[in-house]
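S.K.: File protein00.pdb below, PDB, C-alpha atoms and all ligand atoms:
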```
ATOM      1  CA  MET A   1     -36.493 -51.848  11.841
ATOM      2  CA  LYS A   2     -40.087 -52.280  10.708
ATOM      3  CA  VAL A   3     -41.466 -50.182   7.873
ATOM      4  CA  TYR A   4     -45.185 -49.574   7.456
ATOM      5  CA  ILE A   5     -46.642 -49.835   3.955
ATOM      6  CA  ASN A   6     -50.414 -49.619   3.509
ATOM      7  CA  GLY A   7     -51.376 -51.328   6.726
ATOM      8  CA  THR A   8     -48.585 -53.918   6.925
ATOM      9  CA  LEU A   9     -45.328 -53.720   8.865
ATOM     10  CA  PHE A  10     -42.409 -55.130   6.871
ATOM     11  CA  GLU A  11     -38.850 -55.884   7.895
ATOM     12  CA  GLN A  12     -36.565 -53.211   6.413
ATOM     13  CA  GLN A  13     -35.174 -55.512   3.704
ATOM     14  CA  ASP A  14     -38.698 -56.494   2.616
ATOM     15  CA  ALA A  15     -40.143 -52.971   2.549
ATOM     16  CA  LYS A  16     -40.511 -52.395  -1.197
ATOM     17  CA  ILE A  17     -42.788 -50.654  -3.636
ATOM     18  CA  SER A  18     -43.224 -51.069  -7.379
ATOM     19  CA  VAL A  19     -40.837 -49.483  -9.886
ATOM     20  CA  PHE A  20     -44.017 -48.395 -11.704
ATOM     21  CA  ASP A  21     -45.096 -46.213  -8.788
ATOM     22  CA  HIS A  22     -45.323 -42.614 -10.018
ATOM     23  CA  GLY A  23     -43.646 -41.574  -6.794
ATOM     24  CA  LEU A  24     -40.501 -43.074  -8.295
ATOM     25  CA  LEU A  25     -41.174 -42.396 -11.975
ATOM     26  CA  TYR A  26     -42.064 -38.710 -11.547
ATOM     27  CA  GLY A  27     -41.583 -37.704  -7.916
ATOM     28  CA  ASP A  28     -45.374 -37.686  -7.852
ATOM     29  CA  GLY A  29     -46.281 -37.827  -4.192
ATOM     30  CA  ILE A  30     -45.961 -35.980  -0.909
ATOM     31  CA  PHE A  31     -44.238 -36.439   2.426
ATOM     32  CA  GLU A  32     -43.752 -35.205   5.968
ATOM     33  CA  GLY A  33     -40.721 -35.297   8.256
ATOM     34  CA  ILE A  34     -41.842 -35.524  11.882
ATOM     35  CA  ARG A  35     -40.040 -35.719  15.235
ATOM     36  CA  ILE A  36     -40.871 -37.797  18.263
ATOM     37  CA  TYR A  37     -39.444 -36.635  21.606
ATOM     38  CA  ASP A  38     -39.750 -38.871  24.693
ATOM     39  CA  GLY A  39     -42.861 -40.562  23.324
ATOM     40  CA  CYS A  40     -44.528 -37.346  22.121
ATOM     41  CA  ILE A  41     -44.992 -36.952  18.365
ATOM     42  CA  TYR A  42     -44.363 -33.245  17.917
ATOM     43  CA  ARG A  43     -47.349 -31.381  16.447
ATOM     44  CA  LEU A  44     -48.596 -34.481  14.616
ATOM     45  CA  GLU A  45     -51.973 -32.881  13.853
ATOM     46  CA  GLU A  46     -50.253 -29.954  12.124
ATOM     47  CA  HIS A  47     -48.098 -32.306  10.069
ATOM     48  CA  LEU A  48     -51.191 -34.242   8.986
ATOM     49  CA  GLU A  49     -53.017 -31.031   8.129
ATOM     50  CA  ARG A  50     -50.058 -29.944   5.970
ATOM     51  CA  LEU A  51     -50.007 -33.385   4.342
ATOM     52  CA  GLU A  52     -53.703 -33.069   3.514
ATOM     53  CA  LYS A  53     -53.103 -29.626   1.985
ATOM     54  CA  SER A  54     -50.187 -30.954  -0.070
ATOM     55  CA  ALA A  55     -52.474 -33.771  -1.268
ATOM     56  CA  ARG A  56     -55.224 -31.339  -2.234
ATOM     57  CA  ALA A  57     -52.752 -29.129  -4.091
ATOM     58  CA  ILE A  58     -51.584 -32.010  -6.282
ATOM     59  CA  VAL A  59     -55.093 -33.535  -6.598
ATOM     60  CA  LEU A  60     -54.154 -36.697  -4.748
ATOM     61  CA  GLU A  61     -57.148 -38.102  -2.938
ATOM     62  CA  LEU A  62     -56.053 -39.662   0.345
ATOM     63  CA  PRO A  63     -58.000 -42.894   0.904
ATOM     64  CA  TRP A  64     -57.355 -42.699   4.658
ATOM     65  CA  THR A  65     -58.822 -40.412   7.301
ATOM     66  CA  ARG A  66     -56.534 -38.197   9.368
ATOM     67  CA  ALA A  67     -57.221 -40.415  12.392
ATOM     68  CA  GLU A  68     -56.211 -43.533  10.438
ATOM     69  CA  ILE A  69     -52.931 -41.959   9.329
ATOM     70  CA  SER A  70     -52.292 -40.701  12.855
ATOM     71  CA  ASP A  71     -52.877 -44.219  14.264
ATOM     72  CA  ALA A  72     -50.568 -45.693  11.615
ATOM     73  CA  VAL A  73     -47.810 -43.293  12.714
ATOM     74  CA  VAL A  74     -48.277 -44.342  16.343
ATOM     75  CA  GLN A  75     -48.322 -48.009  15.324
ATOM     76  CA  SER A  76     -45.000 -47.568  13.448
ATOM     77  CA  CYS A  77     -43.338 -45.912  16.447
ATOM     78  CA  ARG A  78     -44.561 -48.619  18.811
ATOM     79  CA  ALA A  79     -43.487 -51.427  16.462
ATOM     80  CA  ASN A  80     -39.972 -49.967  16.461
ATOM     81  CA  ASN A  81     -40.001 -49.154  20.161
ATOM     82  CA  LEU A  82     -39.146 -45.606  19.142
ATOM     83  CA  LYS A  83     -39.496 -42.980  21.876
ATOM     84  CA  SER A  84     -37.247 -40.339  20.328
ATOM     85  CA  GLY A  85     -36.353 -40.042  16.675
ATOM     86  CA  TYR A  86     -37.564 -39.112  13.224
ATOM     87  CA  ILE A  87     -40.629 -40.274  11.326
ATOM     88  CA  ARG A  88     -40.765 -40.092   7.535
ATOM     89  CA  LEU A  89     -44.325 -40.285   6.252
ATOM     90  CA  ILE A  90     -44.689 -40.681   2.486
ATOM     91  CA  VAL A  91     -47.696 -40.910   0.203
ATOM     92  CA  THR A  92     -46.969 -41.889  -3.388
ATOM     93  CA  ARG A  93     -49.393 -41.552  -6.296
ATOM     94  CA  GLY A  94     -49.221 -45.333  -6.713
ATOM     95  CA  VAL A  95     -48.621 -47.697  -9.613
ATOM     96  CA  GLY A  96     -49.581 -46.456 -13.064
ATOM     97  CA  SER A  97     -48.600 -46.663 -16.711
ATOM     98  CA  LEU A  98     -45.432 -44.991 -18.004
ATOM     99  CA  GLY A  99     -47.260 -41.818 -19.070
ATOM    100  CA  LEU A 100     -47.453 -38.705 -16.876
ATOM    101  CA  SER A 101     -51.154 -38.898 -16.198
ATOM    102  CA  PRO A 102     -52.008 -39.700 -12.567
ATOM    103  CA  LYS A 103     -55.368 -40.968 -13.835
ATOM    104  CA  THR A 104     -53.739 -44.355 -14.485
ATOM    105  CA  CYS A 105     -52.737 -44.635 -10.809
ATOM    106  CA  SER A 106     -55.363 -46.013  -8.500
ATOM    107  CA  ASP A 107     -53.628 -47.167  -5.353
ATOM    108  CA  PRO A 108     -51.640 -44.550  -3.369
ATOM    109  CA  GLN A 109     -49.044 -46.029  -1.030
ATOM    110  CA  LEU A 110     -48.736 -44.844   2.554
ATOM    111  CA  ILE A 111     -45.218 -45.513   3.793
ATOM    112  CA  ILE A 112     -43.989 -44.766   7.315
ATOM    113  CA  ILE A 113     -40.359 -45.089   8.383
ATOM    114  CA  ALA A 114     -39.780 -44.470  12.095
ATOM    115  CA  ASP A 115     -36.095 -44.388  12.932
ATOM    116  CA  LYS A 116     -33.370 -42.808  15.053
ATOM    117  CA  ILE A 117     -32.153 -39.405  13.929
ATOM    118  CA  SER A 118     -28.581 -38.247  13.488
ATOM    119  CA  LEU A 119     -28.613 -34.618  14.533
ATOM    120  CA  TYR A 120     -26.300 -31.849  13.426
ATOM    121  CA  PRO A 121     -23.214 -32.004  15.666
ATOM    122  CA  GLU A 122     -23.787 -30.133  18.959
ATOM    123  CA  GLU A 123     -20.998 -27.663  18.046
ATOM    124  CA  PHE A 124     -23.296 -26.133  15.377
ATOM    125  CA  TYR A 125     -25.730 -25.193  18.121
ATOM    126  CA  THR A 126     -23.009 -23.730  20.317
ATOM    127  CA  HIS A 127     -20.753 -22.165  17.635
ATOM    128  CA  GLY A 128     -23.223 -21.568  14.787
ATOM    129  CA  LEU A 129     -23.240 -22.302  11.072
ATOM    130  CA  LYS A 130     -21.713 -20.451   8.105
ATOM    131  CA  ILE A 131     -23.884 -20.401   4.981
ATOM    132  CA  ILE A 132     -24.050 -18.762   1.541
ATOM    133  CA  THR A 133     -26.630 -17.673  -1.011
ATOM    134  CA  VAL A 134     -26.703 -19.995  -4.014
ATOM    135  CA  ALA A 135     -27.541 -19.356  -7.664
ATOM    136  CA  THR A 136     -30.354 -21.923  -7.823
ATOM    137  CA  ARG A 137     -33.603 -20.049  -7.203
ATOM    138  CA  ARG A 138     -36.530 -21.423  -5.213
ATOM    139  CA  ASN A 139     -39.365 -22.744  -7.380
ATOM    140  CA  ASN A 140     -41.716 -20.093  -8.656
ATOM    141  CA  PRO A 141     -45.060 -20.663  -6.854
ATOM    142  CA  ALA A 142     -46.808 -20.443 -10.231
ATOM    143  CA  ALA A 143     -44.798 -23.499 -11.322
ATOM    144  CA  LEU A 144     -44.688 -25.686  -8.231
ATOM    145  CA  PRO A 145     -45.705 -23.913  -5.012
ATOM    146  CA  PRO A 146     -42.964 -24.365  -2.369
ATOM    147  CA  MET A 147     -45.795 -24.810   0.154
ATOM    148  CA  VAL A 148     -46.376 -28.280  -1.315
ATOM    149  CA  LYS A 149     -44.109 -30.775   0.422
ATOM    150  CA  SER A 150     -43.813 -32.990  -2.626
ATOM    151  CA  LEU A 151     -41.525 -35.897  -3.420
ATOM    152  CA  ASN A 152     -40.058 -33.695  -6.143
ATOM    153  CA  TYR A 153     -37.181 -32.075  -4.251
ATOM    154  CA  LEU A 154     -34.799 -31.524  -7.168
ATOM    155  CA  ASN A 155     -34.994 -27.760  -6.807
ATOM    156  CA  ASN A 156     -33.683 -27.988  -3.242
ATOM    157  CA  ILE A 157     -31.207 -30.739  -4.108
ATOM    158  CA  MET A 158     -29.651 -28.560  -6.816
ATOM    159  CA  ALA A 159     -29.273 -25.742  -4.307
ATOM    160  CA  LYS A 160     -27.733 -28.195  -1.827
ATOM    161  CA  ILE A 161     -25.230 -29.255  -4.508
ATOM    162  CA  ASP A 162     -24.359 -25.577  -5.111
ATOM    163  CA  ALA A 163     -23.783 -25.136  -1.371
ATOM    164  CA  GLN A 164     -21.679 -28.270  -0.991
ATOM    165  CA  ASN A 165     -19.578 -27.434  -4.047
ATOM    166  CA  ALA A 166     -18.776 -24.137  -2.382
ATOM    167  CA  GLY A 167     -17.879 -25.908   0.878
ATOM    168  CA  PHE A 168     -21.031 -25.131   2.871
ATOM    169  CA  MET A 169     -23.685 -27.359   4.426
ATOM    170  CA  GLU A 170     -26.699 -25.129   3.973
ATOM    171  CA  ALA A 171     -27.651 -22.228   1.735
ATOM    172  CA  LEU A 172     -30.125 -19.406   1.258
ATOM    173  CA  MET A 173     -32.319 -19.606  -1.827
ATOM    174  CA  LEU A 174     -33.790 -16.510  -3.472
ATOM    175  CA  ASN A 175     -37.177 -16.246  -5.143
ATOM    176  CA  ASP A 176     -37.805 -14.832  -8.620
ATOM    177  CA  GLU A 177     -37.887 -11.274  -7.223
ATOM    178  CA  GLY A 178     -34.434 -11.705  -5.734
ATOM    179  CA  ASN A 179     -35.738 -11.762  -2.165
ATOM    180  CA  VAL A 180     -34.764 -14.533   0.210
ATOM    181  CA  ALA A 181     -37.234 -17.433   0.272
ATOM    182  CA  GLU A 182     -35.756 -20.065   2.587
ATOM    183  CA  CYS A 183     -32.889 -22.543   2.857
ATOM    184  CA  THR A 184     -32.633 -25.864   1.009
ATOM    185  CA  GLY A 185     -34.371 -27.717   3.831
ATOM    186  CA  ASP A 186     -35.054 -25.128   6.511
ATOM    187  CA  ASN A 187     -36.868 -21.848   7.150
ATOM    188  CA  PHE A 188     -34.935 -18.932   8.610
ATOM    189  CA  PHE A 189     -35.357 -16.072  11.063
ATOM    190  CA  LEU A 190     -33.431 -12.842  11.629
ATOM    191  CA  VAL A 191     -33.248 -10.642  14.702
ATOM    192  CA  ASP A 192     -33.104  -6.882  14.157
ATOM    193  CA  LYS A 193     -32.952  -4.647  17.239
ATOM    194  CA  GLY A 194     -34.813  -7.197  19.337
ATOM    195  CA  THR A 195     -37.503  -7.937  16.718
ATOM    196  CA  LEU A 196     -37.777 -11.389  15.212
ATOM    197  CA  ILE A 197     -38.203 -11.312  11.435
ATOM    198  CA  THR A 198     -39.113 -14.095   9.010
ATOM    199  CA  PRO A 199     -40.370 -13.894   5.432
ATOM    200  CA  PRO A 200     -44.023 -14.728   4.794
ATOM    201  CA  VAL A 201     -44.643 -18.092   3.194
ATOM    202  CA  SER A 202     -45.671 -16.162   0.067
ATOM    203  CA  SER A 203     -41.959 -15.314  -0.400
ATOM    204  CA  GLY A 204     -41.631 -18.940  -1.523
ATOM    205  CA  SER A 205     -41.166 -21.231   1.412
ATOM    206  CA  LEU A 206     -42.696 -24.214   3.088
ATOM    207  CA  ALA A 207     -44.927 -23.362   6.049
ATOM    208  CA  GLY A 208     -42.522 -25.052   8.459
ATOM    209  CA  ILE A 209     -43.935 -26.710  11.552
ATOM    210  CA  THR A 210     -40.776 -25.717  13.462
ATOM    211  CA  ARG A 211     -41.216 -22.168  12.164
ATOM    212  CA  GLY A 212     -44.707 -22.201  13.731
ATOM    213  CA  GLY A 213     -43.295 -23.569  16.989
ATOM    214  CA  VAL A 214     -40.706 -20.783  17.116
ATOM    215  CA  ILE A 215     -43.325 -18.114  16.396
ATOM    216  CA  ASP A 216     -45.422 -19.456  19.299
ATOM    217  CA  ALA A 217     -42.363 -19.548  21.585
ATOM    218  CA  ALA A 218     -41.547 -15.939  20.624
ATOM    219  CA  LYS A 219     -45.102 -14.849  21.456
ATOM    220  CA  GLU A 220     -44.833 -16.556  24.830
ATOM    221  CA  LEU A 221     -41.544 -14.796  25.545
ATOM    222  CA  GLY A 222     -42.971 -11.433  24.447
ATOM    223  CA  ILE A 223     -40.458 -11.114  21.584
ATOM    224  CA  PRO A 224     -41.941  -8.886  18.852
ATOM    225  CA  LEU A 225     -42.322 -10.662  15.498
ATOM    226  CA  LYS A 226     -42.659  -9.333  11.949
ATOM    227  CA  GLU A 227     -43.382 -11.407   8.864
ATOM    228  CA  MET A 228     -41.879  -9.329   6.058
ATOM    229  CA  THR A 229     -40.063  -9.612   2.775
ATOM    230  CA  VAL A 230     -36.338 -10.046   3.378
ATOM    231  CA  ASN A 231     -33.512  -9.346   0.932
ATOM    232  CA  ARG A 232     -29.841 -10.270   1.182
ATOM    233  CA  TYR A 233     -28.917  -6.883   2.649
ATOM    234  CA  ASP A 234     -31.400  -7.421   5.502
ATOM    235  CA  VAL A 235     -29.704 -10.756   6.209
ATOM    236  CA  TRP A 236     -26.157  -9.373   6.038
ATOM    237  CA  VAL A 237     -26.834  -6.561   8.526
ATOM    238  CA  SER A 238     -29.013  -8.538  10.946
ATOM    239  CA  ASP A 239     -28.023  -8.894  14.611
ATOM    240  CA  GLU A 240     -28.812 -12.613  14.797
ATOM    241  CA  MET A 241     -29.916 -15.340  12.454
ATOM    242  CA  PHE A 242     -31.036 -18.924  12.797
ATOM    243  CA  LEU A 243     -32.514 -21.739  10.706
ATOM    244  CA  THR A 244     -35.492 -23.871  11.687
ATOM    245  CA  GLY A 245     -36.531 -27.339  10.577
ATOM    246  CA  THR A 246     -37.759 -30.631  11.931
ATOM    247  CA  ALA A 247     -34.350 -32.312  11.793
ATOM    248  CA  ALA A 248     -32.305 -29.188  12.575
ATOM    249  CA  GLU A 249     -34.589 -27.687  15.278
ATOM    250  CA  LEU A 250     -32.970 -24.215  15.606
ATOM    251  CA  VAL A 251     -29.461 -23.753  14.271
ATOM    252  CA  PRO A 252     -27.723 -20.401  14.844
ATOM    253  CA  VAL A 253     -26.107 -18.828  11.761
ATOM    254  CA  ILE A 254     -22.975 -16.743  12.318
ATOM    255  CA  GLU A 255     -21.929 -15.898   8.762
ATOM    256  CA  VAL A 256     -23.728 -15.405   5.436
ATOM    257  CA  ASP A 257     -21.920 -14.731   2.134
ATOM    258  CA  ALA A 258     -18.721 -13.996   4.077
ATOM    259  CA  ARG A 259     -20.524 -11.302   6.124
ATOM    260  CA  ARG A 260     -20.386 -11.821   9.865
ATOM    261  CA  ILE A 261     -23.820 -11.875  11.495
ATOM    262  CA  GLY A 262     -23.923  -9.785  14.685
ATOM    263  CA  ASP A 263     -20.755 -10.455  16.658
ATOM    264  CA  GLY A 264     -20.144 -13.791  14.939
ATOM    265  CA  LYS A 265     -21.559 -15.849  17.806
ATOM    266  CA  PRO A 266     -25.008 -17.405  18.337
ATOM    267  CA  GLY A 267     -27.149 -14.534  19.614
ATOM    268  CA  PRO A 268     -28.999 -14.335  22.958
ATOM    269  CA  ILE A 269     -32.507 -14.347  21.452
ATOM    270  CA  THR A 270     -31.613 -17.353  19.272
ATOM    271  CA  LEU A 271     -30.293 -19.291  22.263
ATOM    272  CA  LYS A 272     -33.297 -18.385  24.416
ATOM    273  CA  LEU A 273     -35.707 -19.537  21.690
ATOM    274  CA  LEU A 274     -33.741 -22.775  21.250
ATOM    275  CA  GLU A 275     -33.956 -23.440  24.979
ATOM    276  CA  VAL A 276     -37.714 -22.759  25.104
ATOM    277  CA  PHE A 277     -38.331 -24.766  21.916
ATOM    278  CA  ARG A 278     -36.443 -27.786  23.268
ATOM    279  CA  ARG A 279     -38.388 -27.600  26.523
ATOM    280  CA  LYS A 280     -41.784 -27.389  24.828
ATOM    281  CA  VAL A 281     -41.403 -30.148  22.214
ATOM    282  CA  ARG A 282     -41.990 -32.912  24.766
ATOM    283  CA  CYS A 283     -45.513 -31.807  25.552
ATOM    284  CA  GLU A 284     -46.924 -30.589  22.224
ATOM    285  CA  GLY A 285     -48.312 -33.437  20.190
ATOM    286  CA  ARG A 286     -49.666 -36.972  20.375
ATOM    287  CA  MET A 287     -48.299 -39.392  22.950
ATOM    288  CA  ILE A 288     -47.670 -42.911  21.675
TER     289      ILE A 288
HETATM  290  N1  LIG B 301     -38.257 -25.662   3.981
HETATM  291  C1  LIG B 301     -38.037 -26.801   3.302
HETATM  292  C2  LIG B 301     -37.751 -26.716   1.847
HETATM  293  C3  LIG B 301     -38.069 -28.035   3.954
HETATM  294  O1  LIG B 301     -37.846 -29.158   3.284
HETATM  295  C4  LIG B 301     -38.326 -28.064   5.344
HETATM  296  C5  LIG B 301     -38.397 -29.384   6.067
HETATM  297  N2  LIG B 301     -37.150 -30.028   6.120
HETATM  298  C6  LIG B 301     -38.522 -26.842   6.018
HETATM  299  C7  LIG B 301     -38.500 -25.675   5.295
HETATM  300  C8  LIG B 301     -38.787 -26.817   7.498
HETATM  301  O2  LIG B 301     -40.070 -27.315   7.763
HETATM  302  P1  LIG B 301     -40.409 -28.122   9.100
HETATM  303  O3  LIG B 301     -40.113 -27.230  10.225
HETATM  304  O4  LIG B 301     -41.850 -28.447   8.988
HETATM  305  O5  LIG B 301     -39.530 -29.329   9.101
END
```
How does the structure come out when it is put into structure tokens?

M.R.:
Amino acid sequence: MKVYINGTLFEQQDAKISVFDHGLLYGDGIFEGIRIYDGCIYRLEEHLERLEKSARAIVLELPWTRAEISDAVVQSCRANNLKSGYIRLIVTRGVGSLGLSPKTCSDPQLIIIADKISLYPEEFYTHGLKIITVATRRNNPAALPPMVKSLNYLNNIMAKIDAQNAGFMEALMLNDEGNVAECTGDNFFLVDKGTLITPPVSSGSLAGITRGGVIDAAKELGIPLKEMTVNRYDVWVSDEMFLTGTAAELVPVIEVDARRIGDGKPGPITLKLLEVFRRKVRCEGRMI
């Protein structure tokens, strides 16, 4: 595998950055997780727009244009002969002194890893996932806005540890008001009497690209959609539930906090949206 770092493609074992990079020292940097399906990089423009917003939010000036980053992504896929898989795009603050200040860092690193993806087992899509709510709360937006896709993922990692310790693979995270924000690495949707419901990003979640794809698919199918604050009760009594994320796509949820969702099977609206989503991903984005 070849890994792109600032304009050069390195063999995997030679792809290295400095231990003085603030991306390592402080998690100071940003990233994107992107899918490529049959040679089409899914919604690449939207990923790059989100990356630019993350950069602005943490005052990291990107020394590359969007077109240059886009071309670098394509170059990485071609170099690895990757037609379907996962692309990890990372921008670190760069090498600096040991202090916190990013002012000592002058050379951000653009790293692109384009590789195969290991999906959730197919049985999760057909049988659904059981999840729980964990004690670790989602970052308060006044501290570190969850909309920033930063290299500092400890908040989500701690929630993931909570979930795994309890024997689950994924978990719901609450915000400071006690409403549901998102999962450790996915957004979520509910279905209530035929209406699709998802919390607004202001509830404390990342503006997921998959979430956007599902909203567009719902509009196309004429499924009514509401963005509204969701609490645990709303989740427990919903008819259907599913998670969305770049790696996960759409994963049906059949149980939350030991409460069965709907009839305990992936719901019809969930499965329809999954089908439409999987059909559309091959033609929405940049071809390599
Ligand atoms: N929330 C969090 C915390 C995430 O890390 C991710 C990405 N894995 C998502 C939601 C889903 O976003 P996307 O659909 O853009 O992958």

S.K.: Within 9 Å of ligand LIG 301 (chain B) (counting all atoms listed in the file), which residues show up? I'd like them as a VMD selection string.

M.R.: chain A and resid 32 to 35 47 50 138 146 to 147 149 153 156 182 to 188 205 to 213 243 to 249

S.K.: Write a file of the just-selected residues containing C-alpha atoms, as a PDB file, keeping the file's coordinate frame.

M.R.:
```pdb
ATOM      1  CA  GLU A  32     -43.752 -35.205   5.968  1.00  0.00           C
ATOM      2  CA  GLY A  33     -40.721 -35.297   8.256  1.00  0.00           C
ATOM      3  CA  ILE A  34     -41.842 -35.524  11.882  1.00  0.00           C
ATOM      4  CA  ARG A  35     -40.040 -35.719  15.235  1.00  0.00           C
ATOM      5  CA  HIS A  47     -48.098 -32.306  10.069  1.00  0.00           C
ATOM      6  CA  ARG A  50     -50.058 -29.944   5.970  1.00  0.00           C
ATOM      7  CA  ARG A 138     -36.530 -21.423  -5.213  1.00  0.00           C
ATOM      8  CA  PRO A 146     -42.964 -24.365  -2.369  1.00  0.00           C
ATOM      9  CA  MET A 147     -45.795 -24.810   0.154  1.00  0.00           C
ATOM     10  CA  LYS A 149     -44.109 -30.775   0.422  1.00  0.00           C
ATOM     11  CA  TYR A 153     -37.181 -32.075  -4.251  1.00  0.00           C
ATOM     12  CA  ASN A 156     -33.683 -27.988  -3.242  1.00  0.00           C
ATOM     13  CA  GLU A 182     -35.756 -20.065   2.587  1.00  0.00           C
ATOM     14  CA  CYS A 183     -32.889 -22.543   2.857  1.00  0.00           C
ATOM     15  CA  THR A 184     -32.633 -25.864   1.009  1.00  0.00           C
ATOM     16  CA  GLY A 185     -34.371 -27.717   3.831  1.00  0.00           C
ATOM     17  CA  ASP A 186     -35.054 -25.128   6.511  1.00  0.00           C
ATOM     18  CA  ASN A 187     -36.868 -21.848   7.150  1.00  0.00           C
ATOM     19  CA  PHE A 188     -34.935 -18.932   8.610  1.00  0.00           C
ATOM     20  CA  SER A 205     -41.166 -21.231   1.412  1.00  0.00           C
ATOM     21  CA  LEU A 206     -42.696 -24.214   3.088  1.00  0.00           C
ATOM     22  CA  ALA A 207     -44.927 -23.362   6.049  1.00  0.00           C
ATOM     23  CA  GLY A 208     -42.522 -25.052   8.459  1.00  0.00           C
ATOM     24  CA  ILE A 209     -43.935 -26.710  11.552  1.00  0.00           C
ATOM     25  CA  THR A 210     -40.776 -25.717  13.462  1.00  0.00           C
ATOM     26  CA  ARG A 211     -41.216 -22.168  12.164  1.00  0.00           C
ATOM     27  CA  GLY A 212     -44.707 -22.201  13.731  1.00  0.00           C
ATOM     28  CA  GLY A 213     -43.295 -23.569  16.989  1.00  0.00           C
ATOM     29  CA  LEU A 243     -32.514 -21.739  10.706  1.00  0.00           C
ATOM     30  CA  THR A 244     -35.492 -23.871  11.687  1.00  0.00           C
ATOM     31  CA  GLY A 245     -36.531 -27.339  10.577  1.00  0.00           C
ATOM     32  CA  THR A 246     -37.759 -30.631  11.931  1.00  0.00           C
ATOM     33  CA  ALA A 247     -34.350 -32.312  11.793  1.00  0.00           C
ATOM     34  CA  ALA A 248     -32.305 -29.188  12.575  1.00  0.00           C
ATOM     35  CA  GLU A 249     -34.589 -27.687  15.278  1.00  0.00           C
TER      36      GLU A 249
END
```

S.K.: If we count only C-alpha atoms, what is near Lys130 of chain A at a cut-off of 9 Å, once residues fewer than 4 positions away on the same chain are taken out, given as a PyMOL selection string?

M.R.: chain A and resi 168-171+253-258+260

S.K.: Find the axis-aligned box for segment 96-115 of chain A, covering all its listed atoms and adding 6 Å on each side, and write its centre and edge lengths in Å to one decimal as lines of an AutoDock Vina configuration file.

M.R.:
```
center_x = -45.7
center_y = -42.9
center_z = -3.1
size_x = 31.3
size_y = 20.5
size_z = 44.0
```

S.K.: When you draw a straight line from atom CA of Val91 of chain A to atom CA of Ile30 of chain A, how long is it in Å?

M.R.: 5.3 Å

S.K.: Quick check, in Å to one decimal: how far apart do atom CA of Leu151 of chain A and atom CA of Ile90 of chain A lie?

M.R.: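 If I compute the distance from atom CA of Leu151 of chain A to atom CA of Ile90 of chain A, I get 8.2 Å.
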
S.K.: Need to verify the contact set: Asn175 of chain A, 9 Å, all atoms listed in the file, exclusion of same-chain residues closer than 6 positions in sequence. Can you return it as a list in words?

M.R.: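 Near neighbours after the sequence-gap exclusion: Arg137, Arg138, Asn139, Asn140, Ala181, Glu182, Ser203 and Gly204 of chain A.
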
S.K.: Enter the distance from atom CA of Lys265 of chain A to atom CA of Asp234 of chain A, in Å, rounded to one decimal.

M.R.: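 We find that atom CA of Lys265 of chain A and atom CA of Asp234 of chain A lie 17.9 Å from each other.
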
S.K.: Residues within 6 Å of (-34.5, -25.6, 17.9), file coordinates, counting only C-alpha atoms: what are they? Give the list as a list in words.

M.R.: Glu249, Leu250, Leu274 and Phe277 of chain A

S.K.: Would you give me, as a Markdown table, each residue of segment 229-284 of chain A having an atom within 10 Å of an atom of segment 218-224 of chain A, along with its shortest atom pair and that distance in Å to one decimal, using only C-alpha atoms and sorting by chain and residue number?

M.R.:
```
| residue | atom | partner | partner_atom | distance |
| --- | --- | --- | --- | --- |
| A:Ile269 | CA | A:Ile223 | CA | 8.6 |
| A:Lys272 | CA | A:Leu221 | CA | 9.1 |
| A:Leu273 | CA | A:Ala218 | CA | 6.9 |
| A:Val276 | CA | A:Leu221 | CA | 8.8 |
| A:Phe277 | CA | A:Ala218 | CA | 9.5 |
```

S.K.: Enumerate, as a PyMOL selection string, the protein, DNA and RNA residues whose atoms approach (-49.7, -40.2, 22.2) to within 8 Å, taking into account all atoms listed in the file and the coordinate frame of the file.

M.R.: chain A and resi 39-41+74+285-288

S.K.: Pick out the residues sitting within 7 Å of Met241 of chain A, and hand them over as a list of chain:residue names; count only C-alpha atoms, and ignore anything fewer than 6 positions along from it in its own chain.

M.R.: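 Residues near the query, excluding close chain neighbours: A:Phe189, A:Leu190, A:Val191, A:Pro252, A:Val253.
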
S.K.: When the PyMOL selection byres (((chain A and resi 100) around 12) and not hetatm) is applied to the structure above, which residues does it catch, written out as a list in words?

M.R.: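 Applied to this file, the PyMOL selection byres (((chain A and resi 100) around 12) and not hetatm) returns Phe20, Asp21, His22, Gly23, Leu24, Leu25, Tyr26, Gly27, Asp28, Arg93, Val95, Gly96, Ser97, Leu98, Gly99, Ser101, Pro102, Lys103, Thr104 and Cys105 of chain A.
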
S.K.: Of the candidates A:Gly85, A:Ile111, A:Thr133, A:Leu174, which one gets nearest to Ala15 of chain A if we count all atoms listed in the file?

M.R.: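 Nearest candidate to Ala15 of chain A out of A:Gly85, A:Ile111, A:Thr133, A:Leu174: A:Ile111.
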
S.K.: Using all atoms listed in the file, which residues sit within 10 Å of Ala72 of chain A once same-chain residues fewer than 5 positions away are excluded, as a ChimeraX atom specification?

M.R.: /A:4-9,66-67,77-78,89,110-112

S.K.: Select, from A:Lys116, A:Arg279, A:Lys160, A:Lys193, the residue with the minimum atom-to-atom distance to Ala135 of chain A, counting all atoms listed in the file.

M.R.: A:Lys160
